[in-house]
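First the structure, in the form of structure tokens, and then the observations on it.
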Amino acid sequence: MSITLSSAALPVFNRFLGNLRHILNKAQADVAARGYDEQALVQYRLAPDMLPFKTQICIACDAAKLCVARVAGLDAPKFDNTENTLAELVARIDKTLAWLQTVPPNVLDGLEDKEITFPVGKTGSRTMRGEDYVKTWALSNMFFHITTAYAILRHNGVVIGKSDYLVGAAA
């Protein structure tokens, strides 16, 4: 079987957003066990010029849903970016995963050469072929923000490891 855009994108988005949900569930358990204010995690940034944890989760979700929508020519659901608790962030992931489940894989396939123009930064844009956009931009963007969220949790003492990142609840 040859690789298709749907096989390159959908299972990876689903797996890693599911793994992200898993590490957020572990963060919720850590908050409960150690008895601290969850805002210490939700608002945390690794450096002053980095986005906070909550934004890392939102962007990881947006990278997946917007990629699929842009390539397939679908309307992605719009989320208000008002999540301020770990439970709300988990719900954001769940909404994204639920929407991804509604996308028929065949709507992505055959669009490898479709030109995708998307915003970059606050004022820029970029155009890439569909295959390049999926493989070298959208997946990488999602991984970057999930990895950053993982690093924030680890830095703050949440007991998670590589298997939580790679395998999630199946570990």
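Residue numbers start at 1 in each chain; chains themselves are named A, B, ... in the order of the structure tokens; ligands are numbered from 1 in the order shown.
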
Might you pull out every residue within 12 Å of A:Pro119, with only C-alpha atoms counted and same-chain residues fewer than 6 positions away left off, and present them as a list in words?
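Listed by chain and then number, they are Ala63, Leu66, Cys67, Arg70, Ser125, Arg126, Thr127, Met128, Trp137 and Ala138 of chain A.
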
Identify, with DSSP run on backbone atoms, the residues in chain A assigned to strand (DSSP E or B), and express the list as a PyMOL selection string.
chain A and resi 115-120+124-129

Restrict the selected residues to N, CA and C atoms and save them as a PDB file, in the first residue's frame.
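What ended up in part.pdb:
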```pdb
ATOM      1  N   GLU A 115      -2.124  23.680  -4.067  1.00  0.00           N
ATOM      2  CA  GLU A 115      -1.422  24.764  -3.391  1.00  0.00           C
ATOM      3  C   GLU A 115      -2.214  25.188  -2.159  1.00  0.00           C
ATOM      4  N   ILE A 116      -1.520  25.211  -1.036  1.00  0.00           N
ATOM      5  CA  ILE A 116      -2.118  25.587   0.237  1.00  0.00           C
ATOM      6  C   ILE A 116      -1.443  26.882   0.691  1.00  0.00           C
ATOM      7  N   THR A 117      -2.222  27.926   0.872  1.00  0.00           N
ATOM      8  CA  THR A 117      -1.705  29.183   1.397  1.00  0.00           C
ATOM      9  C   THR A 117      -2.246  29.338   2.809  1.00  0.00           C
ATOM     10  N   PHE A 118      -1.353  29.654   3.727  1.00  0.00           N
ATOM     11  CA  PHE A 118      -1.736  29.710   5.137  1.00  0.00           C
ATOM     12  C   PHE A 118      -0.981  30.842   5.826  1.00  0.00           C
ATOM     13  N   PRO A 119      -1.543  31.355   6.928  1.00  0.00           N
ATOM     14  CA  PRO A 119      -0.879  32.444   7.646  1.00  0.00           C
ATOM     15  C   PRO A 119       0.363  31.944   8.387  1.00  0.00           C
ATOM     16  N   VAL A 120       1.365  32.785   8.426  1.00  0.00           N
ATOM     17  CA  VAL A 120       2.593  32.505   9.168  1.00  0.00           C
ATOM     18  C   VAL A 120       2.908  33.746   9.990  1.00  0.00           C
ATOM     19  N   GLY A 124       2.313  37.463   8.011  1.00  0.00           N
ATOM     20  CA  GLY A 124       2.807  36.820   6.801  1.00  0.00           C
ATOM     21  C   GLY A 124       1.930  35.673   6.333  1.00  0.00           C
ATOM     22  N   SER A 125       2.313  35.129   5.184  1.00  0.00           N
ATOM     23  CA  SER A 125       1.661  33.930   4.673  1.00  0.00           C
ATOM     24  C   SER A 125       2.692  33.136   3.888  1.00  0.00           C
ATOM     25  N   ARG A 126       2.340  31.902   3.628  1.00  0.00           N
ATOM     26  CA  ARG A 126       3.219  31.010   2.889  1.00  0.00           C
ATOM     27  C   ARG A 126       2.355  30.100   2.037  1.00  0.00           C
ATOM     28  N   THR A 127       2.886  29.687   0.896  1.00  0.00           N
ATOM     29  CA  THR A 127       2.180  28.751   0.028  1.00  0.00           C
ATOM     30  C   THR A 127       3.062  27.534  -0.184  1.00  0.00           C
ATOM     31  N   MET A 128       2.481  26.366  -0.020  1.00  0.00           N
ATOM     32  CA  MET A 128       3.190  25.101  -0.206  1.00  0.00           C
ATOM     33  C   MET A 128       2.271  24.110  -0.911  1.00  0.00           C
ATOM     34  N   ARG A 129       2.860  23.111  -1.535  1.00  0.00           N
ATOM     35  CA  ARG A 129       2.101  21.986  -2.079  1.00  0.00           C
ATOM     36  C   ARG A 129       1.463  21.233  -0.907  1.00  0.00           C
TER      37      ARG A 129
END
```

List the neighbours of stretch 77-88 of chain A out to 9 Å using only C-alpha atoms; skip same-chain residues closer than 5 positions along the sequence, and give me the result as a PDB file with N, CA and C atoms, in the first residue's frame.
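That gives us out.pdb:
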```
ATOM      1  N   LEU A  24      -2.004  15.505  29.688  1.00  0.00           N
ATOM      2  CA  LEU A  24      -2.815  16.465  30.448  1.00  0.00           C
ATOM      3  C   LEU A  24      -3.585  15.775  31.567  1.00  0.00           C
ATOM      4  N   ASN A  25      -4.051  14.558  31.316  1.00  0.00           N
ATOM      5  CA  ASN A  25      -4.702  13.803  32.388  1.00  0.00           C
ATOM      6  C   ASN A  25      -3.716  13.542  33.525  1.00  0.00           C
ATOM      7  N   ALA A  27      -1.228  15.479  34.252  1.00  0.00           N
ATOM      8  CA  ALA A  27      -1.038  16.777  34.899  1.00  0.00           C
ATOM      9  C   ALA A  27      -2.171  17.055  35.884  1.00  0.00           C
ATOM     10  N   GLN A  28      -3.407  16.724  35.492  1.00  0.00           N
ATOM     11  CA  GLN A  28      -4.537  16.903  36.408  1.00  0.00           C
ATOM     12  C   GLN A  28      -4.351  16.045  37.662  1.00  0.00           C
ATOM     13  N   GLU A  38      -3.644  24.780  39.662  1.00  0.00           N
ATOM     14  CA  GLU A  38      -3.347  24.349  38.301  1.00  0.00           C
ATOM     15  C   GLU A  38      -2.907  25.491  37.398  1.00  0.00           C
ATOM     16  N   GLN A  39      -3.194  26.729  37.791  1.00  0.00           N
ATOM     17  CA  GLN A  39      -2.753  27.875  36.991  1.00  0.00           C
ATOM     18  C   GLN A  39      -1.228  27.949  36.908  1.00  0.00           C
ATOM     19  N   LEU A  41       0.569  25.583  36.063  1.00  0.00           N
ATOM     20  CA  LEU A  41       0.856  24.893  34.805  1.00  0.00           C
ATOM     21  C   LEU A  41       0.233  25.618  33.614  1.00  0.00           C
ATOM     22  N   VAL A  42      -1.033  25.962  33.733  1.00  0.00           N
ATOM     23  CA  VAL A  42      -1.789  26.532  32.613  1.00  0.00           C
ATOM     24  C   VAL A  42      -1.121  27.789  32.075  1.00  0.00           C
ATOM     25  N   GLN A  43      -0.588  28.613  32.951  1.00  0.00           N
ATOM     26  CA  GLN A  43       0.009  29.896  32.559  1.00  0.00           C
ATOM     27  C   GLN A  43       1.519  29.828  32.363  1.00  0.00           C
ATOM     28  N   LYS A  54      -1.135  26.824  28.028  1.00  0.00           N
ATOM     29  CA  LYS A  54      -2.480  26.721  27.451  1.00  0.00           C
ATOM     30  C   LYS A  54      -2.470  27.017  25.959  1.00  0.00           C
ATOM     31  N   THR A  55      -1.651  27.949  25.523  1.00  0.00           N
ATOM     32  CA  THR A  55      -1.581  28.290  24.112  1.00  0.00           C
ATOM     33  C   THR A  55      -0.886  27.193  23.313  1.00  0.00           C
ATOM     34  N   CYS A  58      -3.621  24.779  22.505  1.00  0.00           N
ATOM     35  CA  CYS A  58      -4.521  25.317  21.468  1.00  0.00           C
ATOM     36  C   CYS A  58      -3.879  25.257  20.095  1.00  0.00           C
ATOM     37  N   ASP A  62      -5.032  23.293  16.766  1.00  0.00           N
ATOM     38  CA  ASP A  62      -5.289  24.063  15.549  1.00  0.00           C
ATOM     39  C   ASP A  62      -4.435  23.573  14.381  1.00  0.00           C
ATOM     40  N   LYS A  65      -6.366  20.447  12.993  1.00  0.00           N
ATOM     41  CA  LYS A  65      -7.673  20.691  12.354  1.00  0.00           C
ATOM     42  C   LYS A  65      -7.556  21.624  11.159  1.00  0.00           C
ATOM     43  N   LEU A  66      -6.700  22.622  11.250  1.00  0.00           N
ATOM     44  CA  LEU A  66      -6.558  23.555  10.136  1.00  0.00           C
ATOM     45  C   LEU A  66      -5.841  22.922   8.952  1.00  0.00           C
ATOM     46  N   ILE A  93      -8.907  19.374  23.210  1.00  0.00           N
ATOM     47  CA  ILE A  93      -8.322  18.240  22.490  1.00  0.00           C
ATOM     48  C   ILE A  93      -9.430  17.291  22.050  1.00  0.00           C
ATOM     49  N   LYS A  95     -12.591  17.901  21.461  1.00  0.00           N
ATOM     50  CA  LYS A  95     -13.373  18.492  20.357  1.00  0.00           C
ATOM     51  C   LYS A  95     -12.621  18.381  19.037  1.00  0.00           C
ATOM     52  N   THR A  96     -11.320  18.595  19.091  1.00  0.00           N
ATOM     53  CA  THR A  96     -10.508  18.488  17.876  1.00  0.00           C
ATOM     54  C   THR A  96     -10.509  17.051  17.363  1.00  0.00           C
ATOM     55  N   TRP A  99     -13.815  16.141  15.777  1.00  0.00           N
ATOM     56  CA  TRP A  99     -13.970  16.674  14.427  1.00  0.00           C
ATOM     57  C   TRP A  99     -13.134  15.878  13.424  1.00  0.00           C
TER      58      TRP A  99
END
```

Surrounding residues of stretch 29-37 of chain A excluding itself and chain neighbours under 3 positions, 8 Å, only C-alpha atoms, as a ChimeraX atom specification:
/A:25-26,40,158-159

Restricted to C-alpha atoms, what would the selected residues look like written as a compact mmCIF listing (two decimals), in the first residue's frame?
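Wrote out.txt, looks like this:
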```
# COMPACT_ATOMS: atom_id res chain seq x y z
CA ASN A 25 -4.70 13.80 32.39
CA LYS A 26 -1.45 13.06 34.22
CA ALA A 40 0.91 27.26 37.80
CA VAL A 158 4.71 16.21 36.47
CA VAL A 159 5.86 12.61 36.26
```

Give the helix (DSSP H, G or I) residues of chain A, as DSSP finds them on the backbone, and put them as a VMD selection string.
chain A and resid 5 to 34 39 to 42 53 to 72 86 to 101 105 to 107 130 to 155 162 to 166 168 to 170

List as a Markdown table every residue of stretch 133-167 of chain A that is in contact with stretch 19-23 of chain A, defined as an atom at most 9 Å from one of its atoms (using only C-alpha atoms), together with the nearest atom pair and the distance in Å rounded to one decimal, sorted by chain and then rising number.
```
| residue | atom | partner | partner_atom | distance |
| --- | --- | --- | --- | --- |
| A:Ile146 | CA | A:Leu20 | CA | 6.6 |
| A:Ala149 | CA | A:Leu20 | CA | 8.4 |
| A:Tyr150 | CA | A:Ile23 | CA | 7.5 |
| A:Leu153 | CA | A:Ile23 | CA | 8.4 |
| A:Val158 | CA | A:Ile23 | CA | 8.9 |
| A:Ile160 | CA | A:Ile23 | CA | 7.0 |
| A:Asp164 | CA | A:Ile23 | CA | 6.5 |
| A:Tyr165 | CA | A:Asn19 | CA | 5.9 |
| A:Leu166 | CA | A:Asn19 | CA | 7.0 |
| A:Val167 | CA | A:Asn19 | CA | 6.5 |
```

Pairwise distance for atom CA of A:Arg15 and atom CA of A:Leu111, rounded to one decimal in Å:
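According to the coordinates, atom CA of A:Arg15 and atom CA of A:Leu111 are separated by 22.4 Å.
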
Go ahead and compute the interatomic distance for atom CA of A:Tyr44 and atom CA of A:Ala151, in Å to one decimal.
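Straight-line distance from atom CA of A:Tyr44 to atom CA of A:Ala151 works out to 10.7 Å.
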
The distance between atom CA of A:Ser2 and atom CA of A:Phe144 is 26.8 Å
